[in-house]
Amino acid sequence: MNTNPKIRMTKQRQVILEELCKVTTHPTADEMYQMIRKRLPKISLGTVYRNLEILSELGMVLKLDVGGTQKRFDGHVENHYHVRCTECGCVGDLQMPTDQEIEQQAQSRTDFQIKRHSLEFIGVCPECRDAKKRKVA
C-alpha cells in the first residue's frame with residue numbers, strides 16, 4: 001500500500017488508512033482521532049493530523065477542502081465527485097462518472113498542466129430535509 005519507498009508505513013499510518021477506508025463519511029481529523037483511539041488508545045491528535053497530511057501528500061488519501069472550517073479526508077482516491085449538505089455539513093460521494101471532457105476543455109484554455117479536477121455539489125441531505133419537515137408539521 002505504501003507508494004513511496006522513502007516513507008515508512010508505520011503502525012499509526014496503517015491504522016489511520018485502514019479506518020479511513022472503512023467509512024464513507026469523509027471525517028475530519030478530529031473525527032478520525034476519535035475513531036483511531038479505539039484501536040490505538042495512546043495516539044495523540046497531533047499524530048493523527050500529521051499522518052493524515054503525509055498520507056494526503058503521498059496521494060494515499062484525499063484531503064477535501066469543502067465548505068466549513070475543517071478539512072475532511074477520503075480514503076477513496078479515485079477521481080469522484082462529492083455532495084455536501086449546507087445544513088449539517090456532511091459530505092458524501094456522488095456515484096456518477098467524472099467528466100473527462102471538462103479537463104480537456106480546461107487544458108485548452110490555460111498554460112497549466114491539468115492533472116485532475118474536483119467537483120462538489122451542494123444541497124440538503126435527507127436527514128436535514130426530514131428534520132425541517134418535522135419542524136413545520
# chains A, B, ... in the order shown; residues from 1 in each chain; ligands from 1

$ residues_around --residues "range 77-94 of chain A" --least-positions-apart "6" --cutoff "7 Å" --atoms "only C-alpha atoms" --output "PyMOL selection string"
chain A and resi 24-26+60-62+118-125+128

$ write_last_selection --atoms "N, CA and C atoms" --output "PDB file, in the first residue's frame"
ATOM      1  N   THR A  24     -17.447   6.075   4.675  1.00  0.00           N
ATOM      2  CA  THR A  24     -17.744   6.941   3.525  1.00  0.00           C
ATOM      3  C   THR A  24     -18.222   8.312   3.989  1.00  0.00           C
ATOM      4  N   THR A  25     -17.973   8.624   5.252  1.00  0.00           N
ATOM      5  CA  THR A  25     -18.474   9.867   5.842  1.00  0.00           C
ATOM      6  C   THR A  25     -17.538  11.052   5.667  1.00  0.00           C
ATOM      7  N   HIS A  26     -16.348  10.822   5.128  1.00  0.00           N
ATOM      8  CA  HIS A  26     -15.387  11.896   4.905  1.00  0.00           C
ATOM      9  C   HIS A  26     -15.106  12.658   6.207  1.00  0.00           C
ATOM     10  N   MET A  60      -2.279   8.890  -0.980  1.00  0.00           N
ATOM     11  CA  MET A  60      -2.920   7.680  -0.458  1.00  0.00           C
ATOM     12  C   MET A  60      -4.297   7.972   0.124  1.00  0.00           C
ATOM     13  N   VAL A  61      -4.573   9.237   0.454  1.00  0.00           N
ATOM     14  CA  VAL A  61      -5.894   9.689   0.873  1.00  0.00           C
ATOM     15  C   VAL A  61      -6.139  11.045   0.213  1.00  0.00           C
ATOM     16  N   LEU A  62      -7.394  11.412   0.113  1.00  0.00           N
ATOM     17  CA  LEU A  62      -7.744  12.730  -0.413  1.00  0.00           C
ATOM     18  C   LEU A  62      -8.034  13.673   0.744  1.00  0.00           C
ATOM     19  N   SER A 118     -11.857  18.506  -9.323  1.00  0.00           N
ATOM     20  CA  SER A 118     -12.795  18.093  -8.287  1.00  0.00           C
ATOM     21  C   SER A 118     -14.050  18.936  -8.439  1.00  0.00           C
ATOM     22  N   LEU A 119     -15.137  18.322  -8.104  1.00  0.00           N
ATOM     23  CA  LEU A 119     -16.419  18.988  -8.256  1.00  0.00           C
ATOM     24  C   LEU A 119     -17.261  18.657  -7.041  1.00  0.00           C
ATOM     25  N   GLU A 120     -17.839  19.678  -6.447  1.00  0.00           N
ATOM     26  CA  GLU A 120     -18.669  19.492  -5.268  1.00  0.00           C
ATOM     27  C   GLU A 120     -20.070  19.995  -5.584  1.00  0.00           C
ATOM     28  N   PHE A 121     -21.048  19.152  -5.342  1.00  0.00           N
ATOM     29  CA  PHE A 121     -22.435  19.549  -5.464  1.00  0.00           C
ATOM     30  C   PHE A 121     -22.924  19.913  -4.069  1.00  0.00           C
ATOM     31  N   ILE A 122     -23.797  20.885  -3.992  1.00  0.00           N
ATOM     32  CA  ILE A 122     -24.261  21.386  -2.709  1.00  0.00           C
ATOM     33  C   ILE A 122     -25.771  21.255  -2.649  1.00  0.00           C
ATOM     34  N   GLY A 123     -26.256  20.772  -1.516  1.00  0.00           N
ATOM     35  CA  GLY A 123     -27.689  20.608  -1.343  1.00  0.00           C
ATOM     36  C   GLY A 123     -28.027  20.384   0.120  1.00  0.00           C
ATOM     37  N   VAL A 124     -29.170  19.792   0.354  1.00  0.00           N
ATOM     38  CA  VAL A 124     -29.624  19.476   1.712  1.00  0.00           C
ATOM     39  C   VAL A 124     -29.819  17.968   1.785  1.00  0.00           C
ATOM     40  N   CYS A 125     -29.173  17.343   2.781  1.00  0.00           N
ATOM     41  CA  CYS A 125     -29.245  15.886   2.916  1.00  0.00           C
ATOM     42  C   CYS A 125     -30.641  15.449   3.355  1.00  0.00           C
ATOM     43  N   CYS A 128     -31.561  16.266   7.125  1.00  0.00           N
ATOM     44  CA  CYS A 128     -31.873  17.680   7.390  1.00  0.00           C
ATOM     45  C   CYS A 128     -33.191  18.071   6.735  1.00  0.00           C
TER      46      CYS A 128
END

$ residues_around --residues "Leu17 in chain A" --least-positions-apart "4" --cutoff "7 Å" --atoms "only C-alpha atoms" --output "PyMOL selection string"
chain A and resi 13+21+75

$ write_last_selection --atoms "N, CA and C atoms" --output "PDB file, in the first residue's frame"
ATOM      1  N   ARG A  13       0.155   5.022  10.759  1.00  0.00           N
ATOM      2  CA  ARG A  13      -0.300   5.343   9.399  1.00  0.00           C
ATOM      3  C   ARG A  13      -1.188   4.235   8.852  1.00  0.00           C
ATOM      4  N   CYS A  21     -10.497   4.104   5.204  1.00  0.00           N
ATOM      5  CA  CYS A  21     -11.052   3.354   4.071  1.00  0.00           C
ATOM      6  C   CYS A  21     -12.330   2.596   4.440  1.00  0.00           C
ATOM      7  N   GLY A  75     -10.721   8.159   2.034  1.00  0.00           N
ATOM      8  CA  GLY A  75      -9.821   7.041   1.778  1.00  0.00           C
ATOM      9  C   GLY A  75      -9.919   6.491   0.375  1.00  0.00           C
TER      10      GLY A  75
END

$ select_by_dssp --residues "chain A" --states "strand (DSSP E)" --output "list in words"
Leu62, Lys63, Leu64, Arg72, Phe73, Asp74, Tyr81, His82, Val83, Arg84, Cys85, Val91, Gly92, Asp93, Leu94, Glu120, Phe121, Ile122 and Gly123 of chain A

$ select_by_dssp --residues "range 86-119 of chain A" --states "helix (DSSP H, G or I)" --output "PyMOL selection string"
chain A and resi 100-107

$ residues_around --residues "range 8-12 of chain A" --least-positions-apart "4" --cutoff "12 Å" --atoms "only C-alpha atoms" --output "number ranges by chain"
A: 1-4, 16-19, 32-33, 36-37, 39-52, 54-55, 58, 60

$ residues_around --residues "Gln70 in chain A" --least-positions-apart "3" --cutoff "10 Å" --atoms "only C-alpha atoms" --output "PyMOL selection string"
chain A and resi 27-30+64-67+73

$ atom_distance --atom1 "CA of Glu53 in chain A" --atom2 "CA of His76 in chain A"
15.2 Å

$ residues_around --residues "range 97-104 of chain A" --least-positions-apart "5" --cutoff "7 Å" --atoms "only C-alpha atoms" --output "number ranges by chain"
A: 80, 114, 116-117

$ write_last_selection --atoms "C-alpha atoms" --output "short mmCIF file (atom, residue, chain, number, x, y, z; two decimals), in the first residue's frame"
data_model
loop_
_atom_site.label_atom_id
_atom_site.label_comp_id
_atom_site.auth_asym_id
_atom_site.auth_seq_id
_atom_site.Cartn_x
_atom_site.Cartn_y
_atom_site.Cartn_z
CA HIS A 80 -15.04 11.09 -7.98
CA ILE A 114 -4.28 19.88 -15.76
CA ARG A 116 -7.40 16.24 -12.33
CA HIS A 117 -10.44 18.17 -11.22
#
